[in-house]
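Source file start_16.pdb; content: PDB, C-alpha atoms.
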ATOM      1  CA  MET A   5      24.184  13.995  -0.444
ATOM      2  CA  ILE A   6      24.509  10.565  -2.054
ATOM      3  CA  LEU A   7      23.046   7.592  -0.201
ATOM      4  CA  THR A   8      23.764   4.026  -1.283
ATOM      5  CA  ASP A   9      21.380   1.132  -0.732
ATOM      6  CA  THR A  10      23.751  -1.832  -0.836
ATOM      7  CA  HIS A  11      20.987  -4.449  -0.765
ATOM      8  CA  THR A  12      17.544  -4.051  -2.325
ATOM      9  CA  HIS A  13      15.320  -6.565  -4.128
ATOM     10  CA  LEU A  14      13.887  -4.102  -6.633
ATOM     11  CA  TYR A  15      12.552  -6.938  -8.807
ATOM     12  CA  SER A  16      10.311  -8.247  -6.014
ATOM     13  CA  GLU A  17       6.679  -8.908  -6.880
ATOM     14  CA  GLU A  18       5.766  -6.582  -4.013
ATOM     15  CA  PHE A  19       6.796  -3.671  -6.242
ATOM     16  CA  ASP A  20       4.914  -4.774  -9.361
ATOM     17  CA  SER A  21       2.227  -2.113  -8.950
ATOM     18  CA  ASP A  22       4.522   0.906  -8.477
ATOM     19  CA  ARG A  23       8.153  -0.088  -9.115
ATOM     20  CA  ASP A  24       9.127   2.949 -11.206
ATOM     21  CA  GLU A  25       7.526   5.366  -8.737
ATOM     22  CA  MET A  26       9.195   3.599  -5.815
ATOM     23  CA  ILE A  27      12.625   3.873  -7.431
ATOM     24  CA  GLN A  28      12.008   7.533  -8.263
ATOM     25  CA  ARG A  29      10.998   8.202  -4.637
ATOM     26  CA  ALA A  30      14.330   6.811  -3.547
ATOM     27  CA  ILE A  31      16.275   8.891  -6.055
ATOM     28  CA  ASN A  32      14.376  11.988  -4.883
ATOM     29  CA  ALA A  33      15.381  11.121  -1.294
ATOM     30  CA  GLY A  34      19.071  11.084  -2.277
ATOM     31  CA  VAL A  35      19.400   7.334  -2.773
ATOM     32  CA  SER A  36      20.964   7.225  -6.211
ATOM     33  CA  ARG A  37      22.881   3.932  -6.033
ATOM     34  CA  PHE A  38      21.078   0.585  -5.738
ATOM     35  CA  PHE A  39      22.907  -2.736  -5.464
ATOM     36  CA  VAL A  40      20.598  -5.594  -6.361
ATOM     37  CA  PRO A  41      21.305  -9.154  -5.154
ATOM     38  CA  SER A  42      20.330 -12.268  -7.050
ATOM     39  CA  ILE A  43      18.339 -15.054  -5.389
ATOM     40  CA  ASP A  44      17.925 -17.619  -8.174
ATOM     41  CA  SER A  45      17.725 -17.947 -11.958
ATOM     42  CA  SER A  46      14.015 -17.119 -12.145
ATOM     43  CA  TYR A  47      14.763 -13.444 -11.387
ATOM     44  CA  THR A  48      17.780 -12.956 -13.665
ATOM     45  CA  GLN A  49      15.906 -11.412 -16.588
ATOM     46  CA  LYS A  50      14.002  -9.063 -14.274
ATOM     47  CA  MET A  51      17.329  -7.857 -12.920
ATOM     48  CA  TYR A  52      18.671  -7.226 -16.415
ATOM     49  CA  ASP A  53      15.521  -5.340 -17.380
ATOM     50  CA  LEU A  54      15.859  -3.072 -14.339
ATOM     51  CA  GLU A  55      19.485  -2.356 -15.155
ATOM     52  CA  THR A  56      18.524  -1.443 -18.730
ATOM     53  CA  GLN A  57      15.865   0.938 -17.439
ATOM     54  CA  PHE A  58      18.092   2.636 -14.811
ATOM     55  CA  PRO A  59      21.676   2.138 -16.091
ATOM     56  CA  GLU A  60      23.123   4.986 -14.003
ATOM     57  CA  ASN A  61      21.616   3.794 -10.734
ATOM     58  CA  ILE A  62      21.314   0.011 -10.627
ATOM     59  CA  PHE A  63      24.244  -2.373 -10.133
ATOM     60  CA  LEU A  64      23.764  -6.128 -10.142
ATOM     61  CA  MET A  65      25.107  -9.046  -8.137
ATOM     62  CA  MET A  66      24.944 -12.697  -9.164
ATOM     63  CA  GLY A  67      24.486 -15.641  -6.819
ATOM     64  CA  LEU A  68      22.255 -18.321  -5.347
ATOM     65  CA  HIS A  69      20.427 -17.367  -2.126
ATOM     66  CA  PRO A  70      20.641 -20.078   0.568
ATOM     67  CA  CYS A  71      16.844 -20.302   0.874
ATOM     68  CA  TYR A  72      16.775 -21.296  -2.808
ATOM     69  CA  VAL A  73      19.305 -24.102  -2.388
ATOM     70  CA  LYS A  74      17.106 -27.109  -3.139
ATOM     71  CA  GLU A  75      17.380 -30.407  -5.064
ATOM     72  CA  ASN A  76      18.388 -28.506  -8.228
ATOM     73  CA  TYR A  77      21.094 -26.397  -6.578
ATOM     74  CA  LEU A  78      23.845 -27.686  -8.878
ATOM     75  CA  GLU A  79      21.857 -26.460 -11.896
ATOM     76  CA  GLU A  80      21.398 -23.099 -10.189
ATOM     77  CA  LEU A  81      25.123 -22.847  -9.457
ATOM     78  CA  ALA A  82      25.823 -23.639 -13.107
ATOM     79  CA  HIS A  83      23.534 -20.737 -14.041
ATOM     80  CA  VAL A  84      25.520 -18.446 -11.732
ATOM     81  CA  GLU A  85      28.767 -19.489 -13.413
ATOM     82  CA  THR A  86      27.303 -19.041 -16.899
ATOM     83  CA  GLU A  87      26.114 -15.504 -16.137
ATOM     84  CA  LEU A  88      29.414 -14.554 -14.500
ATOM     85  CA  ALA A  89      31.242 -15.606 -17.653
ATOM     86  CA  LYS A  90      28.964 -13.458 -19.821
ATOM     87  CA  ARG A  91      29.081  -9.999 -18.301
ATOM     88  CA  LYS A  92      30.059  -7.659 -15.469
ATOM     89  CA  PHE A  93      28.679  -8.017 -11.953
ATOM     90  CA  TYR A  94      29.652  -6.092  -8.834
ATOM     91  CA  ALA A  95      29.495  -8.901  -6.246
ATOM     92  CA  ILE A  96      28.582 -12.539  -5.685
ATOM     93  CA  GLY A  97      25.389 -12.496  -3.696
ATOM     94  CA  GLU A  98      23.394 -13.012  -1.902
ATOM     95  CA  ILE A  99      25.017 -16.184  -0.623
ATOM     96  CA  GLY A 100      25.346 -17.837   2.752
ATOM     97  CA  ILE A 101      23.403 -20.072   5.126
ATOM     98  CA  ASP A 102      19.829 -19.818   6.437
ATOM     99  CA  LEU A 103      18.618 -22.245   9.109
ATOM    100  CA  PHE A 104      15.498 -20.293  10.047
ATOM    101  CA  TRP A 105      13.154 -21.750   7.439
ATOM    102  CA  ASP A 106      14.637 -25.147   6.676
ATOM    103  CA  LYS A 107      17.579 -27.138   8.045
ATOM    104  CA  SER A 108      17.209 -30.103   5.682
ATOM    105  CA  PHE A 109      19.523 -28.638   3.013
ATOM    106  CA  LEU A 110      22.297 -27.502   5.369
ATOM    107  CA  LYS A 111      24.977 -29.622   3.697
ATOM    108  CA  GLN A 112      24.011 -28.311   0.249
ATOM    109  CA  GLN A 113      23.876 -24.729   1.566
ATOM    110  CA  GLN A 114      27.393 -25.114   2.938
ATOM    111  CA  GLN A 115      28.627 -26.508  -0.379
ATOM    112  CA  ALA A 116      26.915 -23.752  -2.371
ATOM    113  CA  PHE A 117      28.299 -21.052  -0.056
ATOM    114  CA  LYS A 118      31.837 -22.391  -0.298
ATOM    115  CA  HIS A 119      31.640 -22.802  -4.072
ATOM    116  CA  GLN A 120      30.386 -19.241  -4.571
ATOM    117  CA  ILE A 121      33.109 -17.821  -2.341
ATOM    118  CA  GLN A 122      35.578 -19.539  -4.636
ATOM    119  CA  LEU A 123      33.832 -17.985  -7.635
ATOM    120  CA  ALA A 124      34.198 -14.574  -5.986
ATOM    121  CA  LYS A 125      37.936 -15.120  -5.624
ATOM    122  CA  LYS A 126      38.188 -16.295  -9.225
ATOM    123  CA  HIS A 127      36.373 -13.221 -10.533
ATOM    124  CA  LYS A 128      37.943 -10.858  -7.962
ATOM    125  CA  LEU A 129      34.534  -9.820  -6.629
ATOM    126  CA  ALA A 130      33.102  -9.101  -3.208
ATOM    127  CA  ILE A 131      30.656 -11.472  -1.537
ATOM    128  CA  ASN A 132      27.320 -10.457  -0.042
ATOM    129  CA  ILE A 133      26.486 -12.760   2.873
ATOM    130  CA  HIS A 134      23.043 -13.864   4.034
ATOM    131  CA  CYS A 135      23.098 -15.319   7.564
ATOM    132  CA  ARG A 136      20.002 -16.253   9.535
ATOM    133  CA  GLU A 137      20.294 -18.348  12.683
ATOM    134  CA  ALA A 138      23.556 -19.653  11.258
ATOM    135  CA  PHE A 139      26.447 -17.528  12.557
ATOM    136  CA  ASP A 140      28.544 -20.541  13.597
ATOM    137  CA  GLU A 141      28.001 -22.267  10.263
ATOM    138  CA  VAL A 142      28.723 -19.117   8.233
ATOM    139  CA  PHE A 143      31.897 -18.340  10.174
ATOM    140  CA  GLU A 144      33.075 -21.940   9.776
ATOM    141  CA  VAL A 145      32.913 -21.627   5.976
ATOM    142  CA  LEU A 146      34.435 -18.130   5.996
ATOM    143  CA  GLU A 147      37.346 -19.299   8.138
ATOM    144  CA  SER A 148      37.966 -22.237   5.795
ATOM    145  CA  GLU A 149      38.120 -19.845   2.822
ATOM    146  CA  LYS A 150      39.885 -16.999   4.632
ATOM    147  CA  ALA A 151      42.222 -15.087   2.325
ATOM    148  CA  THR A 152      43.460 -11.579   1.642
ATOM    149  CA  ASP A 153      41.345 -11.542  -1.549
ATOM    150  CA  LEU A 154      38.146 -12.506   0.271
ATOM    151  CA  PHE A 155      36.066  -9.447   1.183
ATOM    152  CA  GLY A 156      32.500  -8.220   1.138
ATOM    153  CA  ILE A 157      29.440  -7.353   3.180
ATOM    154  CA  PHE A 158      27.744  -9.200   6.016
ATOM    155  CA  HIS A 159      24.255  -8.292   4.818
ATOM    156  CA  CYS A 160      21.559  -7.430   7.372
ATOM    157  CA  PHE A 161      23.943  -7.853  10.275
ATOM    158  CA  THR A 162      22.054  -8.873  13.427
ATOM    159  CA  GLY A 163      24.815 -10.390  15.529
ATOM    160  CA  ASP A 164      26.445  -9.272  18.753
ATOM    161  CA  PHE A 165      29.562  -7.154  19.231
ATOM    162  CA  GLY A 166      31.893 -10.161  19.218
ATOM    163  CA  GLN A 167      30.401 -11.460  15.984
ATOM    164  CA  ALA A 168      30.663  -7.991  14.467
ATOM    165  CA  LYS A 169      34.373  -7.838  15.275
ATOM    166  CA  ARG A 170      34.860 -11.341  13.904
ATOM    167  CA  ALA A 171      33.146 -10.387  10.633
ATOM    168  CA  ILE A 172      35.290  -7.240  10.340
ATOM    169  CA  ASP A 173      38.453  -9.297  10.980
ATOM    170  CA  LEU A 174      37.416 -11.421   7.976
ATOM    171  CA  ASN A 175      37.378  -8.316   5.706
ATOM    172  CA  MET A 176      33.609  -7.851   5.862
ATOM    173  CA  LYS A 177      31.697  -4.594   6.149
ATOM    174  CA  LEU A 178      28.485  -4.707   8.183
ATOM    175  CA  GLY A 179      25.276  -4.080   6.243
ATOM    176  CA  ILE A 180      23.051  -2.006   8.525
ATOM    177  CA  GLY A 181      19.363  -1.551   7.786
ATOM    178  CA  GLY A 182      16.003  -1.274   9.485
ATOM    179  CA  VAL A 183      16.974  -3.530  12.406
ATOM    180  CA  ALA A 184      19.091  -0.665  13.784
ATOM    181  CA  THR A 185      15.862   1.285  14.348
ATOM    182  CA  PHE A 186      14.030  -1.529  16.208
ATOM    183  CA  LYS A 187      13.646  -1.257  19.988
ATOM    184  CA  ASN A 188      14.661  -4.904  20.319
ATOM    185  CA  GLY A 189      17.174  -4.836  17.466
ATOM    186  CA  LYS A 190      20.120  -4.710  19.931
ATOM    187  CA  ILE A 191      22.762  -3.727  17.372
ATOM    188  CA  ASP A 192      22.138  -0.038  18.130
ATOM    189  CA  GLN A 193      23.559  -0.704  21.613
ATOM    190  CA  PHE A 194      27.092  -1.382  20.356
ATOM    191  CA  LEU A 195      27.313   0.133  16.867
ATOM    192  CA  HIS A 196      28.938   3.291  18.222
ATOM    193  CA  GLU A 197      31.903   1.114  19.242
ATOM    194  CA  ILE A 198      32.484   0.124  15.604
ATOM    195  CA  ASP A 199      34.219   2.593  13.327
ATOM    196  CA  LEU A 200      32.051   3.934  10.514
ATOM    197  CA  GLU A 201      34.638   2.704   8.003
ATOM    198  CA  HIS A 202      33.190  -0.779   8.559
ATOM    199  CA  ILE A 203      29.532   0.168   7.901
ATOM    200  CA  VAL A 204      27.380   0.286   4.775
ATOM    201  CA  LEU A 205      23.685   1.124   4.503
ATOM    202  CA  GLU A 206      20.999  -1.153   3.129
ATOM    203  CA  THR A 207      17.254  -1.729   3.204
ATOM    204  CA  ASP A 208      16.750  -5.361   2.118
ATOM    205  CA  SER A 209      13.516  -3.988   0.679
ATOM    206  CA  PRO A 210      10.747  -5.076   0.520
ATOM    207  CA  TYR A 211      11.652  -6.672   3.885
ATOM    208  CA  LEU A 212      12.602  -5.270   7.316
ATOM    209  CA  ALA A 213      11.223  -1.747   7.000
ATOM    210  CA  PRO A 214      12.638   0.655   9.595
ATOM    211  CA  VAL A 215      10.622   2.447  12.248
ATOM    212  CA  PRO A 216       8.096   4.085  11.762
ATOM    213  CA  PHE A 217       7.194   1.703   8.909
ATOM    214  CA  ARG A 218       8.073  -1.531  10.705
ATOM    215  CA  GLY A 219       5.823  -4.374   9.550
ATOM    216  CA  LYS A 220       4.983  -2.629   6.283
ATOM    217  CA  ARG A 221       6.607  -2.878   2.870
ATOM    218  CA  ASN A 222      10.160  -1.596   2.891
ATOM    219  CA  GLU A 223      11.551   0.438  -0.001
ATOM    220  CA  SER A 224      14.885   1.957  -0.934
ATOM    221  CA  SER A 225      13.893   5.526  -0.045
ATOM    222  CA  PHE A 226      13.930   4.355   3.581
ATOM    223  CA  THR A 227      17.735   4.159   3.381
ATOM    224  CA  LYS A 228      17.550   7.768   4.543
ATOM    225  CA  LEU A 229      15.771   6.686   7.762
ATOM    226  CA  VAL A 230      18.591   4.247   8.487
ATOM    227  CA  ALA A 231      21.143   7.005   7.851
ATOM    228  CA  GLU A 232      19.229   9.289  10.232
ATOM    229  CA  LYS A 233      19.388   6.621  12.939
ATOM    230  CA  LEU A 234      23.133   6.199  12.422
ATOM    231  CA  ALA A 235      23.566   9.970  12.592
ATOM    232  CA  ILE A 236      22.091   9.778  16.096
ATOM    233  CA  ILE A 237      24.139   6.725  17.111
ATOM    234  CA  TYR A 238      27.418   8.188  15.848
ATOM    235  CA  GLN A 239      26.547  11.807  16.671
ATOM    236  CA  GLN A 240      27.492  12.847  13.135
ATOM    237  CA  PRO A 241      25.590  14.873  10.528
ATOM    238  CA  ILE A 242      23.585  12.683   8.148
ATOM    239  CA  GLU A 243      25.656  14.080   5.274
ATOM    240  CA  GLU A 244      28.757  12.598   6.880
ATOM    241  CA  ILE A 245      27.031   9.232   7.390
ATOM    242  CA  ALA A 246      26.033   9.281   3.704
ATOM    243  CA  ARG A 247      29.532  10.226   2.545
ATOM    244  CA  ILE A 248      31.408   7.616   4.564
ATOM    245  CA  THR A 249      29.006   4.728   3.921
ATOM    246  CA  THR A 250      28.916   5.484   0.203
ATOM    247  CA  GLU A 251      32.734   5.539   0.099
ATOM    248  CA  ASN A 252      32.710   2.181   1.905
ATOM    249  CA  ALA A 253      30.295   0.794  -0.691
ATOM    250  CA  LYS A 254      32.550   2.034  -3.484
ATOM    251  CA  ALA A 255      35.490   0.239  -1.894
ATOM    252  CA  ILE A 256      33.540  -3.017  -1.807
ATOM    253  CA  PHE A 257      31.831  -2.912  -5.194
ATOM    254  CA  GLY A 258      34.521  -1.041  -7.108
ATOM    255  CA  ILE A 259      32.094   1.601  -8.359
TER     256      ILE A 259
END

Can I see the file as structure tokens?
Amino acid sequence: MILTDTHTHLYSEEFDSDRDEMIQRAINAGVSRFFVPSIDSSYTQKMYDLETQFPENIFLMMGLHPCYVKENYLEELAHVETELAKRKFYAIGEIGIDLFWDKSFLKQQQQAFKHQIQLAKKHKLAINIHCREAFDEVFEVLESEKATDLFGIFHCFTGDFGQAKRAIDLNMKLGIGGVATFKNGKIDQFLHEIDLEHIVLETDSPYLAPVPFRGKRNESSFTKLVAEKLAIIYQQPIEEIARITTENAKAIFGI
């Protein structure tokens, strides 16, 4: 059984004390593929170091996270372009709009999101979307850039059924993680109405740990707990959940 964590911040400081052991725990749990999003230039070297250490397991994205869109965002976007020109990445991400923490850079977030979507088209890569309290704003940009060569993952999907269908219509898979195990997560109430071909697994570790670890540090081994929850929702063996979601991830990332 091969499980794929399509979104994990393995370079996070929260793993500094036991990163290697944490990654090995995940591999032992069947999670052998880790897709690592970028947030800004300060983490780029850490990402490269991880890839060097686990070349068979770790696959990198490049992008500027909306929460890191600040006064210097044009410099950060230039860094993204420079790195994309240098080497292989498997997606542009994580990119998008976040209005939970700060609304003052909305215009710049929109510009950065749009620009990085265009980079994804140029490099023929998927996008990995971050959306927090910004569904209308994210969909507005996606609609403006809608194209047959625009595809990717709506990371940490927390919307309603209508928003899920809208995302799927825009060539996006839904990234499902710990929220599916929350009593108030709501997405578990309609997921069974969405075909598994539109779903990928993720943790967003170290954030959003699934039940029974909610509120604690998340880690990639917990991908298996998300798969177990989906096995219940879809009434399928966990092996089938793992197989289909890993195939979906391969279709998105090309590996």

Could you please determine the separation between CA of Glu98 in chain A and CA of Ile131 in chain A in Å, to one decimal place?
-> 7.4 Å

Report the residues retrieved by the PyMOL selection byres ((chain A and resi 170) around 12) from the displayed file, expressed as a count of residues only.
-> 26

Check which residues satisfy the PyMOL selection byres ((chain A and resi 22-30) around 12) in the file shown, then give them as a PyMOL selection string.
-> chain A and resi 6-9+12-21+31-38+50+54+57-58+61-62+207+209-210+221-229

Nearest residue to Leu123 in chain A from the set A:Lys187, A:Cys135, A:Ser148, A:Leu154 (distances using all atoms listed in the file) | A:Leu154

Counting only C-alpha atoms, the residue among A:Ile180, A:Tyr47, A:Leu110, A:Glu60 that lies closest to Glu75 in chain A is A:Leu110

Tell me which protein, DNA and RNA residues are within 8 Å of Val230 in chain A, counting only C-alpha atoms, leaving out same-chain ones fewer than 6 positions away, and put them as a PyMOL selection string.
-> chain A and resi 180-182+184-185+205-206+214
